[in-house]
>>> print(open('data_30.pdb').read())   # PDB, C-alpha atoms
ATOM      1  CA  MET M   4      19.343 104.483  92.678
ATOM      2  CA  ALA M   5      20.900 103.806  89.258
ATOM      3  CA  ALA M   6      23.790 101.314  89.169
ATOM      4  CA  SER M   7      27.243 102.771  88.522
ATOM      5  CA  PRO M   8      28.421 102.213  84.959
ATOM      6  CA  ASN M   9      31.157  99.647  84.489
ATOM      7  CA  HIS M  10      34.360 101.543  83.807
ATOM      8  CA  ILE M  11      36.496  98.412  83.658
ATOM      9  CA  SER M  12      36.229  95.051  81.995
ATOM     10  CA  VAL M  13      37.638  92.136  83.977
ATOM     11  CA  ARG M  14      38.777  88.828  82.528
ATOM     12  CA  LYS M  15      40.495  85.889  84.173
ATOM     13  CA  ILE M  16      43.102  84.332  81.868
ATOM     14  CA  ASP M  17      45.320  81.494  83.110
ATOM     15  CA  GLY M  18      45.062  82.583  86.719
ATOM     16  CA  ILE M  19      45.769  86.228  85.925
ATOM     17  CA  THR M  20      43.167  88.937  86.135
ATOM     18  CA  ARG M  21      43.301  91.252  83.162
ATOM     19  CA  ILE M  22      41.659  94.670  83.589
ATOM     20  CA  ASP M  23      40.936  96.961  80.641
ATOM     21  CA  PHE M  24      39.360 100.401  80.839
ATOM     22  CA  VAL M  25      36.116 100.580  78.934
ATOM     23  CA  ASN M  26      36.241 104.217  77.857
ATOM     24  CA  ARG M  27      38.889 106.753  76.902
ATOM     25  CA  ASN M  28      39.648 109.669  79.211
ATOM     26  CA  ILE M  29      38.349 107.529  81.957
ATOM     27  CA  LEU M  30      40.807 108.188  84.745
ATOM     28  CA  ASP M  31      39.726 111.677  85.622
ATOM     29  CA  GLU M  32      38.150 113.335  88.588
ATOM     30  CA  LEU M  33      34.639 112.641  87.393
ATOM     31  CA  ASN M  34      35.001 108.868  87.306
ATOM     32  CA  ILE M  35      37.811 107.986  89.638
ATOM     33  CA  HIS M  36      35.732 107.169  92.702
ATOM     34  CA  GLU M  37      33.729 104.539  90.863
ATOM     35  CA  ILE M  38      36.874 103.142  89.269
ATOM     36  CA  ASN M  39      38.466 102.887  92.710
ATOM     37  CA  VAL M  40      35.531 100.883  94.032
ATOM     38  CA  GLN M  41      35.583  98.529  91.055
ATOM     39  CA  LEU M  42      39.354  97.961  91.219
ATOM     40  CA  MET M  43      39.347  97.284  94.965
ATOM     41  CA  LYS M  44      36.579  94.753  94.500
ATOM     42  CA  VAL M  45      38.770  92.865  92.044
ATOM     43  CA  ALA M  46      41.794  93.019  94.363
ATOM     44  CA  GLU M  47      39.769  91.584  97.228
ATOM     45  CA  SER M  48      38.100  88.844  95.244
ATOM     46  CA  GLU M  49      40.894  86.353  95.862
ATOM     47  CA  PHE M  50      44.005  85.748  97.938
ATOM     48  CA  ARG M  51      47.343  86.443  96.237
ATOM     49  CA  PRO M  52      45.717  88.158  93.259
ATOM     50  CA  LYS M  53      47.746  88.663  90.097
ATOM     51  CA  ILE M  54      46.421  91.679  88.251
ATOM     52  CA  VAL M  55      47.527  93.289  85.001
ATOM     53  CA  ILE M  56      45.918  96.628  84.151
ATOM     54  CA  VAL M  57      45.915  97.537  80.454
ATOM     55  CA  PHE M  58      45.958 101.287  79.770
ATOM     56  CA  ARG M  59      45.551 101.101  75.996
ATOM     57  CA  ASN M  60      42.330 103.107  75.954
ATOM     58  CA  VAL M  61      43.416 105.738  78.465
ATOM     59  CA  GLU M  62      44.212 109.135  76.962
ATOM     60  CA  HIS M  63      43.998 111.243  80.086
ATOM     61  CA  LEU M  64      44.286 110.858  83.807
ATOM     62  CA  SER M  65      44.391 113.057  86.891
ATOM     63  CA  SER M  66      46.468 112.841  90.042
ATOM     64  CA  ALA M  67      43.505 111.187  91.725
ATOM     65  CA  ALA M  68      44.122 108.217  89.431
ATOM     66  CA  PHE M  69      47.660 107.931  90.779
ATOM     67  CA  GLY M  70      46.205 107.892  94.261
ATOM     68  CA  VAL M  71      43.892 105.040  93.301
ATOM     69  CA  LEU M  72      46.748 103.039  91.797
ATOM     70  CA  VAL M  73      48.929 103.573  94.873
ATOM     71  CA  ALA M  74      46.076 102.513  97.149
ATOM     72  CA  LEU M  75      45.465  99.474  94.952
ATOM     73  CA  LYS M  76      49.111  98.508  95.181
ATOM     74  CA  SER M  77      48.956  98.776  98.984
ATOM     75  CA  ARG M  78      45.888  96.560  99.055
ATOM     76  CA  MET M  79      47.569  94.061  96.752
ATOM     77  CA  ASP M  80      50.688  94.024  98.939
ATOM     78  CA  SER M  81      48.569  93.251 101.995
ATOM     79  CA  ARG M  82      47.087  90.261 100.150
ATOM     80  CA  ASP M  83      50.480  89.060  98.879
ATOM     81  CA  GLY M  84      49.386  89.975  95.373
ATOM     82  CA  GLN M  85      51.186  91.269  92.285
ATOM     83  CA  LEU M  86      50.195  94.278  90.197
ATOM     84  CA  ARG M  87      51.462  95.233  86.761
ATOM     85  CA  LEU M  88      50.538  98.067  84.399
ATOM     86  CA  CYS M  89      50.972  97.932  80.635
ATOM     87  CA  GLU M  90      50.353  99.615  77.257
ATOM     88  CA  ILE M  91      50.542 103.119  78.688
ATOM     89  CA  GLN M  92      50.638 105.917  76.107
ATOM     90  CA  PRO M  93      53.904 107.896  76.137
ATOM     91  CA  LYS M  94      52.453 111.137  77.480
ATOM     92  CA  ILE M  95      50.823 109.316  80.366
ATOM     93  CA  ARG M  96      53.918 107.243  80.995
ATOM     94  CA  GLU M  97      55.751 110.547  81.308
ATOM     95  CA  ALA M  98      53.391 111.524  84.129
ATOM     96  CA  PHE M  99      54.288 108.301  85.953
ATOM     97  CA  ALA M 100      57.960 109.231  85.554
ATOM     98  CA  ILE M 101      57.425 112.805  86.782
ATOM     99  CA  THR M 102      55.704 111.522  89.906
ATOM    100  CA  LYS M 103      58.311 108.731  90.196
ATOM    101  CA  LEU M 104      55.475 106.275  90.574
ATOM    102  CA  ASP M 105      57.108 104.122  87.926
ATOM    103  CA  ARG M 106      59.494 103.105  90.711
ATOM    104  CA  ILE M 107      56.776 101.407  92.715
ATOM    105  CA  LEU M 108      54.258 100.482  89.998
ATOM    106  CA  PRO M 109      55.908  98.095  87.494
ATOM    107  CA  ILE M 110      55.111  99.197  83.938
ATOM    108  CA  HIS M 111      55.531  97.114  80.794
ATOM    109  CA  ASP M 112      55.151  97.891  77.112
ATOM    110  CA  THR M 113      52.842  94.976  76.373
ATOM    111  CA  TYR M 114      50.384  92.728  78.148
ATOM    112  CA  ASP M 115      52.521  89.694  77.363
ATOM    113  CA  ALA M 116      55.599  91.309  78.902
ATOM    114  CA  ALA M 117      53.613  92.200  82.016
ATOM    115  CA  VAL M 118      52.373  88.616  82.334
ATOM    116  CA  ALA M 119      55.890  87.237  81.835
ATOM    117  CA  SER M 120      57.108  89.365  84.762
ATOM    118  CA  LEU M 121      54.668  87.792  87.228
ATOM    119  CA  SER M 122      55.960  85.071  89.481
TER     120      SER M 122
ATOM    121  CA  MET V   6      38.002 144.735  73.476
ATOM    122  CA  SER V   7      39.781 141.571  72.335
ATOM    123  CA  ASP V   8      39.362 140.489  68.742
ATOM    124  CA  PRO V   9      37.817 136.993  68.998
ATOM    125  CA  SER V  10      39.546 135.944  65.820
ATOM    126  CA  THR V  11      42.975 136.400  67.411
ATOM    127  CA  VAL V  12      42.297 135.569  71.021
ATOM    128  CA  PHE V  13      39.942 133.522  73.157
ATOM    129  CA  ALA V  14      39.109 135.011  76.542
ATOM    130  CA  CYS V  15      36.654 133.996  79.210
ATOM    131  CA  ASP V  16      35.765 134.835  82.779
ATOM    132  CA  GLU V  17      33.568 132.200  84.408
ATOM    133  CA  THR V  18      32.266 131.449  87.860
ATOM    134  CA  LEU V  19      32.273 127.703  88.490
ATOM    135  CA  GLN V  20      29.514 126.827  90.942
ATOM    136  CA  GLU V  21      30.202 123.137  91.244
ATOM    137  CA  LEU V  22      33.135 120.812  90.517
ATOM    138  CA  ARG V  23      31.699 118.331  88.049
ATOM    139  CA  ALA V  24      29.803 120.796  85.864
ATOM    140  CA  GLY V  25      32.647 123.296  86.160
ATOM    141  CA  LEU V  26      35.246 120.808  84.941
ATOM    142  CA  GLU V  27      33.096 119.706  82.038
ATOM    143  CA  ARG V  28      32.494 123.322  80.991
ATOM    144  CA  VAL V  29      36.166 124.256  81.235
ATOM    145  CA  HIS V  30      37.365 121.174  79.358
ATOM    146  CA  GLU V  31      34.885 121.836  76.581
ATOM    147  CA  MET V  32      35.677 125.558  76.191
ATOM    148  CA  VAL V  33      39.416 125.275  76.543
ATOM    149  CA  GLY V  34      39.656 122.155  74.389
ATOM    150  CA  ALA V  35      37.906 123.938  71.542
ATOM    151  CA  ALA V  36      40.067 127.050  71.914
ATOM    152  CA  LEU V  37      43.307 125.054  71.988
ATOM    153  CA  ALA V  38      42.317 123.250  68.802
ATOM    154  CA  ARG V  39      41.406 126.542  67.150
ATOM    155  CA  PHE V  40      44.774 128.087  67.955
ATOM    156  CA  GLY V  41      46.837 125.103  66.855
ATOM    157  CA  PHE V  42      48.000 123.641  70.191
ATOM    158  CA  ASP V  43      49.171 120.087  69.576
ATOM    159  CA  GLU V  44      48.096 116.921  71.402
ATOM    160  CA  GLY V  45      50.916 117.116  73.891
ATOM    161  CA  ALA V  46      50.023 120.681  74.817
ATOM    162  CA  ALA V  47      46.339 119.840  75.088
ATOM    163  CA  PHE V  48      47.151 116.918  77.395
ATOM    164  CA  ALA V  49      49.392 119.052  79.613
ATOM    165  CA  ILE V  50      46.926 121.904  79.849
ATOM    166  CA  ARG V  51      43.952 119.657  80.529
ATOM    167  CA  LEU V  52      45.817 117.877  83.311
ATOM    168  CA  ALA V  53      46.994 121.114  84.939
ATOM    169  CA  LEU V  54      43.543 122.695  84.742
ATOM    170  CA  GLU V  55      41.899 119.651  86.263
ATOM    171  CA  GLU V  56      44.355 119.616  89.164
ATOM    172  CA  ALA V  57      43.923 123.360  89.728
ATOM    173  CA  ILE V  58      40.129 123.329  89.669
ATOM    174  CA  VAL V  59      39.829 120.239  91.835
ATOM    175  CA  ASN V  60      42.224 121.777  94.346
ATOM    176  CA  GLY V  61      40.160 124.962  94.338
ATOM    177  CA  PHE V  62      36.948 123.171  95.246
ATOM    178  CA  ARG V  63      38.303 120.391  97.451
ATOM    179  CA  HIS V  64      41.132 122.076  99.324
ATOM    180  CA  GLY V  65      40.607 125.808  98.875
ATOM    181  CA  ASN V  66      36.846 125.852  99.365
ATOM    182  CA  ARG V  67      36.897 122.675 101.498
ATOM    183  CA  ASN V  68      33.951 121.324  99.518
ATOM    184  CA  ASP V  69      31.725 124.133 100.813
ATOM    185  CA  PRO V  70      28.737 124.122  98.413
ATOM    186  CA  ASN V  71      28.253 127.827  99.035
ATOM    187  CA  LYS V  72      31.668 128.699  97.647
ATOM    188  CA  VAL V  73      32.665 129.033  94.009
ATOM    189  CA  VAL V  74      35.834 128.937  91.936
ATOM    190  CA  PHE V  75      36.581 131.758  89.517
ATOM    191  CA  PHE V  76      38.112 130.745  86.210
ATOM    192  CA  ARG V  77      39.731 133.099  83.712
ATOM    193  CA  ALA V  78      41.475 132.148  80.510
ATOM    194  CA  ARG V  79      43.238 133.848  77.641
ATOM    195  CA  ILE V  80      44.376 131.765  74.695
ATOM    196  CA  ASP V  81      46.028 132.876  71.471
ATOM    197  CA  ASP V  82      48.315 131.261  68.973
ATOM    198  CA  LYS V  83      51.355 131.629  71.235
ATOM    199  CA  ALA V  84      50.216 130.844  74.763
ATOM    200  CA  ALA V  85      47.371 129.745  76.998
ATOM    201  CA  SER V  86      47.087 131.563  80.317
ATOM    202  CA  PHE V  87      44.753 130.802  83.173
ATOM    203  CA  GLU V  88      43.755 132.069  86.580
ATOM    204  CA  ILE V  89      41.950 129.838  89.038
ATOM    205  CA  GLU V  90      40.815 131.490  92.240
ATOM    206  CA  ASP V  91      38.936 129.890  95.123
ATOM    207  CA  GLN V  92      37.192 131.487  98.090
ATOM    208  CA  GLY V  93      39.326 129.821 100.705
ATOM    209  CA  PRO V  94      41.932 131.303 103.048
ATOM    210  CA  GLY V  95      44.878 130.318 100.858
ATOM    211  CA  PHE V  96      47.872 128.152 101.634
ATOM    212  CA  ASP V  97      51.646 128.010 101.339
ATOM    213  CA  PRO V  98      52.570 125.827  98.352
ATOM    214  CA  LYS V  99      56.094 125.439  99.767
ATOM    215  CA  ALA V 100      54.576 123.569 102.712
ATOM    216  CA  ILE V 101      53.409 120.684 100.532
ATOM    217  CA  PRO V 102      55.601 117.627 101.148
ATOM    218  CA  ASP V 103      57.584 116.404  98.134
ATOM    219  CA  PRO V 104      55.448 113.532  96.805
ATOM    220  CA  THR V 105      58.450 111.969  95.069
ATOM    221  CA  ASP V 106      60.352 111.639  98.334
ATOM    222  CA  GLN V 107      60.807 108.004  99.331
ATOM    223  CA  PHE V 108      58.830 108.605 102.530
ATOM    224  CA  ASN V 109      55.913 110.179 100.683
ATOM    225  CA  ILE V 110      55.826 108.236  97.432
ATOM    226  CA  GLU V 111      53.030 105.931  98.616
ATOM    227  CA  MET V 112      50.802 108.799  99.761
ATOM    228  CA  PRO V 113      47.371 108.582  98.159
ATOM    229  CA  SER V 114      47.336 112.312  97.357
ATOM    230  CA  GLY V 115      49.508 115.423  97.170
ATOM    231  CA  ARG V 116      50.728 115.271  93.570
ATOM    232  CA  GLY V 117      48.509 117.910  91.993
ATOM    233  CA  VAL V 118      50.669 120.999  92.540
ATOM    234  CA  MET V 119      53.774 119.159  91.393
ATOM    235  CA  LEU V 120      52.050 118.095  88.178
ATOM    236  CA  ILE V 121      50.848 121.647  87.528
ATOM    237  CA  LYS V 122      54.396 122.965  87.839
ATOM    238  CA  ALA V 123      55.812 120.129  85.735
ATOM    239  CA  TYR V 124      53.448 120.617  82.820
ATOM    240  CA  MET V 125      52.962 124.386  82.664
ATOM    241  CA  THR V 126      55.626 126.819  81.497
ATOM    242  CA  ASP V 127      54.907 129.080  84.475
ATOM    243  CA  ALA V 128      52.785 128.503  87.556
ATOM    244  CA  GLU V 129      52.544 130.808  90.535
ATOM    245  CA  TYR V 130      50.324 130.929  93.588
ATOM    246  CA  ILE V 131      49.475 134.525  94.410
ATOM    247  CA  PRO V 132      49.510 135.239  98.173
ATOM    248  CA  PRO V 133      47.696 134.255 100.314
ATOM    249  CA  GLY V 134      47.621 131.236  97.987
ATOM    250  CA  ASN V 135      43.999 131.034  96.872
ATOM    251  CA  LYS V 136      44.766 132.216  93.349
ATOM    252  CA  LEU V 137      46.825 130.261  90.835
ATOM    253  CA  ARG V 138      48.163 131.925  87.721
ATOM    254  CA  MET V 139      49.622 129.585  85.115
ATOM    255  CA  THR V 140      50.691 129.729  81.487
ATOM    256  CA  TYR V 141      51.566 127.243  78.799
ATOM    257  CA  ARG V 142      53.715 128.748  76.066
ATOM    258  CA  LYS V 143      54.139 126.992  72.776
ATOM    259  CA  PRO V 144      57.769 126.096  72.100
ATOM    260  CA  GLN V 145      59.446 128.641  69.849
ATOM    261  CA  ALA V 146      60.181 127.351  66.360
ATOM    262  CA  THR V 147      63.966 127.101  65.798
TER     263      THR V 147
END
>>> encode(input="data_30.pdb", output="structure tokens")
Amino acid sequence: MAASPNHISVRKIDGITRIDFVNRNILDELNIHEINVQLMKVAESEFRPKIVIVFRNVEHLSSAAFGVLVALKSRMDSRDGQLRLCEIQPKIREAFAITKLDRILPIHDTYDAAVASLS
Amino acid sequence: MSDPSTVFACDETLQELRAGLERVHEMVGAALARFGFDEGAAFAIRLALEEAIVNGFRHGNRNDPNKVVFFRARIDDKAASFEIEDQGPGFDPKAIPDPTDQFNIEMPSGRGVMLIKAYMTDAEYIPPGNKLRMTYRKPQAT
């Protein structure tokens, strides 16, 4: 069986895990299952993970992506971790506001601001 | 018969989710560009269509490989209208819990219908609920 393509790139910088999406339009129905698996693997790779997800490359997402992010947050909470999102394009940020998920998923304009918010 | 230079119309039977979504995104994306829908409109329409088609296969047809989703579209320079119909029994959209409610906000699913209604100008489920009719109208120039 062919290996799943990597949809995310993962880097550890000063104790913080930075996740970038590799392709545009990535957070849609056709890719979300694989993305979910890859994100959960990162969340479970250490205790008290600190993860910042950078959305710079994302131009589209579906409601399934929100489900993945909510599930990731729950997993992070159970591991005493912290999750931040950043660099979200305005039209996608609007979708977070419509769903009110911006109340439970902290969003920042820049990666540096997201990092600064971590304790 | 519609004049293809002034309107795009299609009537497709989607046999399977992945191929169906790809086909719809390709056709509709091209038509929206041709009729001057901006990026914001294209984003909204793509999102709503994806939610509608996924719901048709996953919830309406309950992932039954023997069932299809019917897709109809009509796009001109003023509006983009769509019908998505599955072969399921239908449902009551009013029965969907509010996903923005504090007790539901951490649910992993249940946001699709809300997003459709937020992004489309009109969206209506035709009883018994297995057909969705939705339209995006370009804002009127003032």
>>> closest_residue(input="data_30.pdb", among="M:Glu47, M:Asp31, M:Asp112, M:Glu37", to="chain V", atoms="only C-alpha atoms")
M:Asp31
>>> interface_residues(input="data_30.pdb", of="chain M", to="chain V", cutoff="9 Å", atoms="all atoms listed in the file", output="PyMOL selection string")
chain M and resi 31-33+62-67+69-74+77+94-95+98+101-104+107
>>> atom_distance(input="data_30.pdb", atom1="CA of Phe99 (chain M)", atom2="CA of Phe58 (chain M)")
12.5 Å
>>> atom_distance(input="data_30.pdb", atom1="CA of Ile56 (chain M)", atom2="CA of Ser120 (chain M)")
13.4 Å
>>> resolve_selection(input="data_30.pdb", expression="the PyMOL selection byres ((chain V and resi 63) around 12)", output="count of residues only")
26
>>> resolve_selection(input="data_30.pdb", expression="the PyMOL selection byres ((chain M and resi 42) around 12)", output="count of residues only")
37
>>> atom_distance(input="data_30.pdb", atom1="CA of Ile91 (chain M)", atom2="CA of Arg51 (chain M)")
24.4 Å
>>> resolve_selection(input="data_30.pdb", expression="the PyMOL selection byres ((chain M and resi 113) around 10)", output="PyMOL selection string")
chain M and resi 57-59+88-91+110-112+114-119
>>> residues_near_point(input="data_30.pdb", point="(42.9, 84.9, 89.1)", cutoff="8 Å", atoms="only C-alpha atoms", output="list in words")
Lys15, Ile16, Asp17, Gly18, Ile19, Thr20, Glu49, Pro52, Lys53 and Ile54 of chain M
>>> residues_around(input="data_30.pdb", residues="Glu90 (chain V)", least_positions_apart="5", cutoff="7 Å", atoms="all atoms listed in the file", output="compact mmCIF listing (two decimals) with C-alpha atoms, in the coordinates of the input")
# COMPACT_ATOMS: atom_id res chain seq x y z
CA GLY V 61 40.16 124.96 94.34
CA VAL V 74 35.83 128.94 91.94
CA PHE V 75 36.58 131.76 89.52
CA PHE V 76 38.11 130.74 86.21
CA ASN V 135 44.00 131.03 96.87
CA LYS V 136 44.77 132.22 93.35
CA LEU V 137 46.82 130.26 90.84
